[in-house]
file model25.cif (mmCIF, C-alpha atoms)
data_data
#
loop_
_atom_site.label_atom_id
_atom_site.label_comp_id
_atom_site.auth_asym_id
_atom_site.auth_seq_id
_atom_site.Cartn_x
_atom_site.Cartn_y
_atom_site.Cartn_z
CA MET A 1 -43.98 -11.63 83.42
CA ASN A 2 -44.36 -10.37 79.86
CA ARG A 3 -41.72 -9.79 77.22
CA ALA A 4 -41.76 -6.51 75.35
CA LEU A 5 -40.47 -5.25 72.06
CA PHE A 6 -39.89 -1.54 72.60
CA LEU A 7 -39.78 0.55 69.44
CA ASP A 8 -38.70 4.12 68.97
CA ARG A 9 -41.17 5.87 66.65
CA ASP A 10 -39.45 8.37 64.33
CA GLY A 11 -36.84 6.51 62.32
CA ILE A 12 -38.06 3.02 63.27
CA ILE A 13 -41.82 3.00 62.70
CA ASN A 14 -41.96 5.98 60.37
CA ILE A 15 -39.38 7.78 58.27
CA ASP A 16 -37.97 10.61 60.34
CA HIS A 17 -38.94 13.72 58.39
CA GLY A 18 -38.58 15.85 61.54
CA TYR A 19 -41.50 16.67 63.86
CA VAL A 20 -44.03 14.40 62.16
CA TYR A 21 -47.51 15.01 63.55
CA LYS A 22 -49.82 14.62 60.54
CA LYS A 23 -50.70 11.36 58.82
CA GLU A 24 -49.98 13.01 55.45
CA ASN A 25 -46.31 13.19 56.50
CA PHE A 26 -46.19 9.75 58.14
CA ASP A 27 -44.42 7.22 55.93
CA PHE A 28 -43.95 3.75 57.42
CA VAL A 29 -40.41 2.36 57.39
CA GLU A 30 -40.09 -0.64 55.09
CA GLY A 31 -40.35 -3.88 57.03
CA ILE A 32 -41.92 -2.51 60.22
CA PHE A 33 -45.10 -4.58 59.94
CA ASP A 34 -43.22 -7.78 59.12
CA LEU A 35 -40.85 -7.21 62.03
CA CYS A 36 -43.75 -6.62 64.44
CA ARG A 37 -45.69 -9.67 63.22
CA TYR A 38 -42.56 -11.78 63.73
CA ALA A 39 -41.97 -10.39 67.24
CA THR A 40 -45.59 -11.05 68.15
CA SER A 41 -45.26 -14.64 66.93
CA LYS A 42 -42.31 -15.00 69.33
CA GLY A 43 -44.42 -13.82 72.28
CA PHE A 44 -43.48 -10.15 72.49
CA ASP A 45 -45.94 -7.38 73.29
CA ILE A 46 -45.19 -4.20 71.35
CA TYR A 47 -44.72 -0.78 72.95
CA VAL A 48 -43.73 2.50 71.35
CA ILE A 49 -41.37 4.76 73.31
CA THR A 50 -41.05 8.21 71.74
CA ASN A 51 -39.63 11.63 72.54
CA GLN A 52 -41.88 14.30 71.04
CA SER A 53 -40.10 17.59 71.73
CA GLY A 54 -42.19 19.23 69.01
CA ILE A 55 -44.86 19.57 71.71
CA ALA A 56 -42.51 21.50 74.02
CA ARG A 57 -41.35 23.57 71.05
CA GLY A 58 -44.96 24.52 70.26
CA LEU A 59 -44.88 22.93 66.79
CA TYR A 60 -47.90 20.72 67.55
CA SER A 61 -50.11 19.82 70.49
CA ILE A 62 -50.66 16.75 72.64
CA GLU A 63 -54.01 16.43 70.85
CA ASP A 64 -52.24 16.41 67.46
CA PHE A 65 -49.91 13.67 68.72
CA GLU A 66 -52.80 11.61 70.13
CA LYS A 67 -54.77 11.91 66.89
CA LEU A 68 -51.79 10.68 64.86
CA THR A 69 -51.14 7.89 67.37
CA LYS A 70 -54.74 6.67 67.12
CA TRP A 71 -54.42 6.60 63.32
CA MET A 72 -51.01 4.84 63.49
CA LYS A 73 -52.33 2.13 65.81
CA ALA A 74 -55.31 1.58 63.47
CA GLU A 75 -52.90 1.15 60.55
CA PHE A 76 -50.96 -1.46 62.56
CA ASN A 77 -54.24 -3.23 63.38
CA LYS A 78 -55.04 -3.40 59.64
CA GLU A 79 -51.70 -5.19 59.24
CA GLY A 80 -52.52 -7.67 61.99
CA VAL A 81 -50.29 -6.03 64.60
CA HIS A 82 -51.46 -4.89 68.04
CA ILE A 83 -49.57 -2.03 69.65
CA ALA A 84 -50.06 -2.53 73.41
CA ASP A 85 -49.32 1.09 74.30
CA VAL A 86 -47.52 4.24 73.18
CA MET A 87 -45.49 6.25 75.68
CA CYS A 88 -44.64 9.83 74.79
CA CYS A 89 -42.35 12.38 76.39
CA PRO A 90 -43.52 15.86 75.36
CA HIS A 91 -40.75 17.62 77.30
CA HIS A 92 -37.54 19.36 76.32
CA PRO A 93 -35.02 20.71 78.84
CA THR A 94 -33.94 23.77 76.83
CA LYS A 95 -36.51 24.40 74.07
CA GLY A 96 -40.01 25.85 74.22
CA ASP A 97 -41.94 28.31 76.33
CA ASN A 98 -44.81 26.22 77.67
CA GLU A 99 -45.35 23.77 80.55
CA TYR A 100 -43.39 21.09 78.66
CA HIS A 101 -40.15 23.10 78.72
CA LYS A 102 -38.53 21.28 81.63
CA GLU A 103 -36.18 18.56 82.78
CA CYS A 104 -37.86 15.20 83.28
CA SER A 105 -37.09 11.55 83.86
CA CYS A 106 -39.08 10.32 80.86
CA ARG A 107 -37.15 11.91 77.99
CA LYS A 108 -34.70 9.47 76.46
CA PRO A 109 -31.85 8.89 77.30
CA HIS A 110 -33.62 8.60 80.68
CA PRO A 111 -35.50 5.31 81.17
CA GLY A 112 -38.74 6.74 82.59
CA MET A 113 -41.10 5.67 79.79
CA ILE A 114 -39.67 2.14 79.76
CA LEU A 115 -39.99 1.84 83.54
CA THR A 116 -43.60 3.03 83.34
CA VAL A 117 -44.37 0.21 80.89
CA GLN A 118 -42.56 -2.26 83.14
CA ASP A 119 -44.69 -1.30 86.15
CA LYS A 120 -47.99 -0.94 84.30
CA TYR A 121 -47.77 -4.15 82.23
CA ASN A 122 -45.57 -6.44 84.36
CA VAL A 123 -42.77 -6.53 81.77
CA ASP A 124 -39.54 -8.47 82.29
CA LEU A 125 -36.98 -6.00 80.96
CA LYS A 126 -34.15 -8.58 80.94
CA GLN A 127 -36.19 -10.64 78.45
CA SER A 128 -37.21 -7.62 76.38
CA ILE A 129 -35.77 -5.87 73.31
CA PHE A 130 -35.38 -2.22 72.34
CA ILE A 131 -35.01 -1.14 68.71
CA GLY A 132 -34.01 2.45 68.04
CA ASP A 133 -32.01 4.63 65.69
CA LYS A 134 -30.25 6.90 68.18
CA ILE A 135 -27.68 6.40 70.91
CA SER A 136 -30.18 8.00 73.33
CA ASP A 137 -32.55 5.08 72.63
CA MET A 138 -29.80 2.62 73.55
CA GLN A 139 -28.87 4.61 76.66
CA ALA A 140 -32.48 4.56 77.88
CA ALA A 141 -32.68 0.82 77.26
CA GLU A 142 -29.38 0.20 79.03
CA SER A 143 -30.43 2.32 82.03
CA ALA A 144 -33.67 0.34 82.26
CA GLY A 145 -31.82 -2.99 82.23
CA ILE A 146 -32.66 -4.12 78.69
CA HIS A 147 -29.75 -6.20 77.44
CA ASN A 148 -30.99 -6.89 73.90
CA ARG A 149 -30.56 -3.52 72.22
CA ILE A 150 -30.69 -3.06 68.46
CA LEU A 151 -29.40 0.12 66.85
CA VAL A 152 -30.58 0.62 63.29
CA ASN A 153 -28.25 2.64 61.07
CA SER A 154 -29.57 6.17 60.63
CA LYS A 155 -28.66 9.76 59.93
CA TYR A 156 -27.72 10.14 63.60
CA GLY A 157 -24.19 9.61 64.78
CA ASP A 158 -22.96 6.48 66.51
CA ASP A 159 -19.88 6.97 68.62
CA GLY A 160 -19.77 3.26 69.51
CA SER A 161 -19.93 4.10 73.21
CA ILE A 162 -22.73 1.68 74.07
CA TYR A 163 -23.24 -2.01 73.46
CA ALA A 164 -25.93 -2.77 70.88
CA HIS A 165 -26.47 -5.00 67.90
CA ARG A 166 -25.86 -2.64 64.97
CA VAL A 167 -27.91 -3.39 61.88
CA PRO A 168 -28.31 -1.63 58.52
CA ASP A 169 -32.13 -1.93 58.42
CA LEU A 170 -35.14 -3.33 60.26
CA MET A 171 -35.20 -6.69 58.51
CA SER A 172 -31.63 -7.31 59.65
CA ALA A 173 -32.88 -7.04 63.25
CA LEU A 174 -34.98 -10.21 62.95
CA VAL A 175 -32.06 -12.48 63.87
CA PHE A 176 -31.91 -10.82 67.31
CA ILE A 177 -35.57 -11.40 68.12
CA GLU A 178 -35.85 -14.79 69.81
#
call {"tool": "encode", "arguments": {"input": "model25.cif", "output": "structure tokens"}}
result
Amino acid sequence: MNRALFLDRDGIINIDHGYVYKKENFDFVEGIFDLCRYATSKGFDIYVITNQSGIARGLYSIEDFEKLTKWMKAEFNKEGVHIADVMCCPHHPTKGDNEYHKECSCRKPHPGMILTVQDKYNVDLKQSIFIGDKISDMQAAESAGIHNRILVNSKYGDDGSIYAHRVPDLMSALVFIE
């Protein structure tokens, strides 16, 4: 079985400017490439797990998201990092007026995207890691059975209700990647 490093996108890979869907607005978080190179050297495959409610809200399209994702993966490749796959939830339970306005099992805090990666890529979730900046990231990881959860300090609240390694920045997460 494979080990995975699951990364949230907005706030972990890129600075969360809110509904980022153009490369002109995509600023990489300091340390992301170093962190990913280190995780790869330790035998982790890298997967991105991202809620993209901007699609349900009609702010951008699936095609916009896919175009940005293709560009983002190419930028990682330039840095010597392979992103194995990117999972996206375009849904929102209360916002929007299109086919993506609905309840689903993939939107974090639900574990659907993680479980899809597990099934598709034969990932051992107990040996995997999830790095996120929201409690919903940690809840999804916990529900999926990922024990090594890293919560990076962010503008989002942390009520302390879930177990996670709490770190001030990405580089501080390196000690929890073994």
call {"tool": "residues_around", "arguments": {"input": "model25.cif", "residues": "Asn153 (chain A)", "least_positions_apart": "3", "cutoff": "8 Å", "atoms": "only C-alpha atoms", "output": "ChimeraX atom specification"}}
result
/A:133,156,166-169
call {"tool": "residues_around", "arguments": {"input": "model25.cif", "residues": "Val86 (chain A)", "least_positions_apart": "6", "cutoff": "8 Å", "atoms": "only C-alpha atoms", "output": "ChimeraX atom specification"}}
result
/A:47-50,69
call {"tool": "resolve_selection", "arguments": {"input": "model25.cif", "expression": "the PyMOL selection byres ((chain A and resi 137) around 12)", "output": "ChimeraX atom specification"}}
result
/A:6-12,48-51,106-114,129-136,138-144,146,149-152,156,158,162-164
call {"tool": "resolve_selection", "arguments": {"input": "model25.cif", "expression": "the PyMOL selection byres ((chain A and resi 95-102) around 9)", "output": "VMD selection string"}}
result
chain A and resid 53 to 58 90 to 94 103 to 104
call {"tool": "residues_near_point", "arguments": {"input": "model25.cif", "point": "(-49.6, 7.2, 66.5)", "cutoff": "9 Å", "atoms": "all atoms listed in the file", "output": "tab-separated table (two decimals) with C-alpha atoms, in the coordinates of the input"}}
result
chain	number	residue	atom	x	y	z
A	9	ARG	CA	-41.17	5.87	66.65
A	21	TYR	CA	-47.51	15.01	63.55
A	23	LYS	CA	-50.70	11.36	58.82
A	48	VAL	CA	-43.73	2.50	71.35
A	65	PHE	CA	-49.91	13.67	68.72
A	66	GLU	CA	-52.80	11.61	70.13
A	67	LYS	CA	-54.77	11.91	66.89
A	68	LEU	CA	-51.79	10.68	64.86
A	69	THR	CA	-51.14	7.89	67.37
A	70	LYS	CA	-54.74	6.67	67.12
A	71	TRP	CA	-54.42	6.60	63.32
A	72	MET	CA	-51.01	4.84	63.49
A	73	LYS	CA	-52.33	2.13	65.81
A	74	ALA	CA	-55.31	1.58	63.47
A	86	VAL	CA	-47.52	4.24	73.18
call {"tool": "closest_residue", "arguments": {"input": "model25.cif", "among": "A:Ser172, A:Asn148, A:Ser161, A:Asn2", "to": "Phe44 (chain A)", "atoms": "all atoms listed in the file"}}
result
A:Asn2
call {"tool": "resolve_selection", "arguments": {"input": "model25.cif", "expression": "the PyMOL selection byres ((chain A and resi 126) around 9)", "output": "list in words"}}
result
Arg3, Val123, Asp124, Leu125, Gln127, Ser128, Ile129, Gly145, Ile146, His147 and Asn148 of chain A
call {"tool": "atom_distance", "arguments": {"input": "model25.cif", "atom1": "CA of Phe76 (chain A)", "atom2": "CA of Ser41 (chain A)"}}
result
15.0 Å
call {"tool": "residues_around", "arguments": {"input": "model25.cif", "residues": "Leu170 (chain A)", "least_positions_apart": "4", "cutoff": "8 Å", "atoms": "all atoms listed in the file", "output": "list in words"}}
result
Ile12, Glu30, Gly31, Ile32, Leu35, Val152 and Leu174 of chain A
call {"tool": "closest_residue", "arguments": {"input": "model25.cif", "among": "A:Val81, A:Leu5, A:Tyr60, A:His17", "to": "Asp34 (chain A)", "atoms": "only C-alpha atoms"}}
result
A:Val81
call {"tool": "residues_near_point", "arguments": {"input": "model25.cif", "point": "(-49.4, -4.9, 75.1)", "cutoff": "6 Å", "atoms": "all atoms listed in the file", "output": "list of chain:residue names"}}
result
A:Asp45, A:Ile46, A:Ala84
call {"tool": "atom_distance", "arguments": {"input": "model25.cif", "atom1": "CA of Lys22 (chain A)", "atom2": "CA of Ile83 (chain A)"}}
result
19.0 Å
call {"tool": "atom_distance", "arguments": {"input": "model25.cif", "atom1": "CA of Ile13 (chain A)", "atom2": "CA of Gly43 (chain A)"}}
result
19.5 Å
call {"tool": "closest_residue", "arguments": {"input": "model25.cif", "among": "A:Ser105, A:Lys78, A:Tyr121, A:Asp85", "to": "Arg37 (chain A)", "atoms": "only C-alpha atoms"}}
result
A:Lys78
call {"tool": "decode", "arguments": {"input": "model25.cif", "residues": "region 111-139 of chain A", "atoms": "N, CA, C and O atoms", "output": "PDB file, in the first residue's frame"}}
result
ATOM      1  N   PRO A 111     -15.386  12.857   4.235  1.00  0.00           N
ATOM      2  CA  PRO A 111     -14.121  12.267   3.772  1.00  0.00           C
ATOM      3  C   PRO A 111     -14.142  11.744   2.334  1.00  0.00           C
ATOM      4  O   PRO A 111     -13.191  11.091   1.910  1.00  0.00           O
ATOM      5  N   GLY A 112     -15.170  12.044   1.567  1.00  0.00           N
ATOM      6  CA  GLY A 112     -15.340  11.423   0.249  1.00  0.00           C
ATOM      7  C   GLY A 112     -14.151  11.513  -0.682  1.00  0.00           C
ATOM      8  O   GLY A 112     -13.784  10.525  -1.339  1.00  0.00           O
ATOM      9  N   MET A 113     -13.524  12.689  -0.794  1.00  0.00           N
ATOM     10  CA  MET A 113     -12.386  12.824  -1.712  1.00  0.00           C
ATOM     11  C   MET A 113     -11.204  11.981  -1.257  1.00  0.00           C
ATOM     12  O   MET A 113     -10.505  11.366  -2.079  1.00  0.00           O
ATOM     13  N   ILE A 114     -10.972  11.929   0.041  1.00  0.00           N
ATOM     14  CA  ILE A 114      -9.872  11.128   0.592  1.00  0.00           C
ATOM     15  C   ILE A 114     -10.129   9.650   0.317  1.00  0.00           C
ATOM     16  O   ILE A 114      -9.226   8.916  -0.102  1.00  0.00           O
ATOM     17  N   LEU A 115     -11.350   9.201   0.538  1.00  0.00           N
ATOM     18  CA  LEU A 115     -11.689   7.796   0.324  1.00  0.00           C
ATOM     19  C   LEU A 115     -11.597   7.416  -1.149  1.00  0.00           C
ATOM     20  O   LEU A 115     -11.215   6.284  -1.477  1.00  0.00           O
ATOM     21  N   THR A 116     -11.893   8.356  -2.037  1.00  0.00           N
ATOM     22  CA  THR A 116     -11.724   8.104  -3.470  1.00  0.00           C
ATOM     23  C   THR A 116     -10.255   7.861  -3.796  1.00  0.00           C
ATOM     24  O   THR A 116      -9.910   6.933  -4.532  1.00  0.00           O
ATOM     25  N   VAL A 117      -9.372   8.684  -3.242  1.00  0.00           N
ATOM     26  CA  VAL A 117      -7.927   8.492  -3.450  1.00  0.00           C
ATOM     27  C   VAL A 117      -7.496   7.143  -2.883  1.00  0.00           C
ATOM     28  O   VAL A 117      -6.742   6.401  -3.521  1.00  0.00           O
ATOM     29  N   GLN A 118      -7.983   6.808  -1.698  1.00  0.00           N
ATOM     30  CA  GLN A 118      -7.630   5.530  -1.078  1.00  0.00           C
ATOM     31  C   GLN A 118      -7.964   4.364  -2.010  1.00  0.00           C
ATOM     32  O   GLN A 118      -7.124   3.484  -2.247  1.00  0.00           O
ATOM     33  N   ASP A 119      -9.166   4.370  -2.547  1.00  0.00           N
ATOM     34  CA  ASP A 119      -9.611   3.276  -3.417  1.00  0.00           C
ATOM     35  C   ASP A 119      -8.875   3.272  -4.751  1.00  0.00           C
ATOM     36  O   ASP A 119      -8.464   2.227  -5.242  1.00  0.00           O
ATOM     37  N   LYS A 120      -8.705   4.432  -5.336  1.00  0.00           N
ATOM     38  CA  LYS A 120      -8.118   4.543  -6.678  1.00  0.00           C
ATOM     39  C   LYS A 120      -6.619   4.247  -6.689  1.00  0.00           C
ATOM     40  O   LYS A 120      -6.099   3.689  -7.654  1.00  0.00           O
ATOM     41  N   TYR A 121      -5.912   4.617  -5.611  1.00  0.00           N
ATOM     42  CA  TYR A 121      -4.453   4.533  -5.600  1.00  0.00           C
ATOM     43  C   TYR A 121      -3.886   3.597  -4.535  1.00  0.00           C
ATOM     44  O   TYR A 121      -2.688   3.614  -4.288  1.00  0.00           O
ATOM     45  N   ASN A 122      -4.748   2.802  -3.898  1.00  0.00           N
ATOM     46  CA  ASN A 122      -4.306   1.829  -2.902  1.00  0.00           C
ATOM     47  C   ASN A 122      -3.485   2.505  -1.795  1.00  0.00           C
ATOM     48  O   ASN A 122      -2.346   2.128  -1.505  1.00  0.00           O
ATOM     49  N   VAL A 123      -4.078   3.518  -1.176  1.00  0.00           N
ATOM     50  CA  VAL A 123      -3.406   4.309  -0.144  1.00  0.00           C
ATOM     51  C   VAL A 123      -3.748   3.776   1.248  1.00  0.00           C
ATOM     52  O   VAL A 123      -4.909   3.493   1.549  1.00  0.00           O
ATOM     53  N   ASP A 124      -2.720   3.649   2.069  1.00  0.00           N
ATOM     54  CA  ASP A 124      -2.879   3.272   3.469  1.00  0.00           C
ATOM     55  C   ASP A 124      -3.099   4.555   4.272  1.00  0.00           C
ATOM     56  O   ASP A 124      -2.152   5.299   4.538  1.00  0.00           O
ATOM     57  N   LEU A 125      -4.339   4.817   4.641  1.00  0.00           N
ATOM     58  CA  LEU A 125      -4.663   6.075   5.312  1.00  0.00           C
ATOM     59  C   LEU A 125      -4.034   6.169   6.698  1.00  0.00           C
ATOM     60  O   LEU A 125      -3.697   7.261   7.151  1.00  0.00           O
ATOM     61  N   LYS A 126      -3.845   5.043   7.374  1.00  0.00           N
ATOM     62  CA  LYS A 126      -3.230   5.073   8.710  1.00  0.00           C
ATOM     63  C   LYS A 126      -1.760   5.491   8.645  1.00  0.00           C
ATOM     64  O   LYS A 126      -1.214   5.970   9.624  1.00  0.00           O
ATOM     65  N   GLN A 127      -1.129   5.341   7.490  1.00  0.00           N
ATOM     66  CA  GLN A 127       0.268   5.727   7.310  1.00  0.00           C
ATOM     67  C   GLN A 127       0.395   7.049   6.541  1.00  0.00           C
ATOM     68  O   GLN A 127       1.490   7.432   6.136  1.00  0.00           O
ATOM     69  N   SER A 128      -0.727   7.724   6.353  1.00  0.00           N
ATOM     70  CA  SER A 128      -0.751   8.946   5.562  1.00  0.00           C
ATOM     71  C   SER A 128      -0.855  10.178   6.451  1.00  0.00           C
ATOM     72  O   SER A 128      -1.041  10.073   7.664  1.00  0.00           O
ATOM     73  N   ILE A 129      -0.745  11.347   5.824  1.00  0.00           N
ATOM     74  CA  ILE A 129      -0.739  12.633   6.520  1.00  0.00           C
ATOM     75  C   ILE A 129      -1.690  13.575   5.800  1.00  0.00           C
ATOM     76  O   ILE A 129      -1.786  13.543   4.569  1.00  0.00           O
ATOM     77  N   PHE A 130      -2.375  14.418   6.548  1.00  0.00           N
ATOM     78  CA  PHE A 130      -3.189  15.479   5.951  1.00  0.00           C
ATOM     79  C   PHE A 130      -2.736  16.814   6.523  1.00  0.00           C
ATOM     80  O   PHE A 130      -2.668  16.977   7.736  1.00  0.00           O
ATOM     81  N   ILE A 131      -2.439  17.767   5.638  1.00  0.00           N
ATOM     82  CA  ILE A 131      -2.094  19.123   6.062  1.00  0.00           C
ATOM     83  C   ILE A 131      -3.164  20.074   5.544  1.00  0.00           C
ATOM     84  O   ILE A 131      -3.432  20.124   4.340  1.00  0.00           O
ATOM     85  N   GLY A 132      -3.763  20.808   6.470  1.00  0.00           N
ATOM     86  CA  GLY A 132      -4.796  21.768   6.103  1.00  0.00           C
ATOM     87  C   GLY A 132      -4.746  22.985   7.006  1.00  0.00           C
ATOM     88  O   GLY A 132      -3.973  23.030   7.964  1.00  0.00           O
ATOM     89  N   ASP A 133      -5.622  23.953   6.683  1.00  0.00           N
ATOM     90  CA  ASP A 133      -5.659  25.179   7.486  1.00  0.00           C
ATOM     91  C   ASP A 133      -7.027  25.431   8.095  1.00  0.00           C
ATOM     92  O   ASP A 133      -7.248  26.495   8.671  1.00  0.00           O
ATOM     93  N   LYS A 134      -7.920  24.461   7.994  1.00  0.00           N
ATOM     94  CA  LYS A 134      -9.259  24.604   8.563  1.00  0.00           C
ATOM     95  C   LYS A 134      -9.616  23.366   9.368  1.00  0.00           C
ATOM     96  O   LYS A 134      -9.164  22.252   9.059  1.00  0.00           O
ATOM     97  N   ILE A 135     -10.466  23.554  10.346  1.00  0.00           N
ATOM     98  CA  ILE A 135     -10.968  22.428  11.139  1.00  0.00           C
ATOM     99  C   ILE A 135     -11.665  21.418  10.230  1.00  0.00           C
ATOM    100  O   ILE A 135     -11.554  20.214  10.431  1.00  0.00           O
ATOM    101  N   SER A 136     -12.358  21.887   9.188  1.00  0.00           N
ATOM    102  CA  SER A 136     -13.044  20.951   8.280  1.00  0.00           C
ATOM    103  C   SER A 136     -12.051  20.018   7.585  1.00  0.00           C
ATOM    104  O   SER A 136     -12.381  18.861   7.300  1.00  0.00           O
ATOM    105  N   ASP A 137     -10.828  20.481   7.323  1.00  0.00           N
ATOM    106  CA  ASP A 137      -9.790  19.611   6.767  1.00  0.00           C
ATOM    107  C   ASP A 137      -9.470  18.487   7.756  1.00  0.00           C
ATOM    108  O   ASP A 137      -9.356  17.318   7.390  1.00  0.00           O
ATOM    109  N   MET A 138      -9.311  18.863   9.024  1.00  0.00           N
ATOM    110  CA  MET A 138      -8.967  17.896  10.054  1.00  0.00           C
ATOM    111  C   MET A 138     -10.111  16.922  10.300  1.00  0.00           C
ATOM    112  O   MET A 138      -9.894  15.736  10.535  1.00  0.00           O
ATOM    113  N   GLN A 139     -11.348  17.412  10.220  1.00  0.00           N
ATOM    114  CA  GLN A 139     -12.506  16.535  10.395  1.00  0.00           C
ATOM    115  C   GLN A 139     -12.589  15.510   9.275  1.00  0.00           C
ATOM    116  O   GLN A 139     -12.887  14.336   9.518  1.00  0.00           O
TER     117      GLN A 139
END
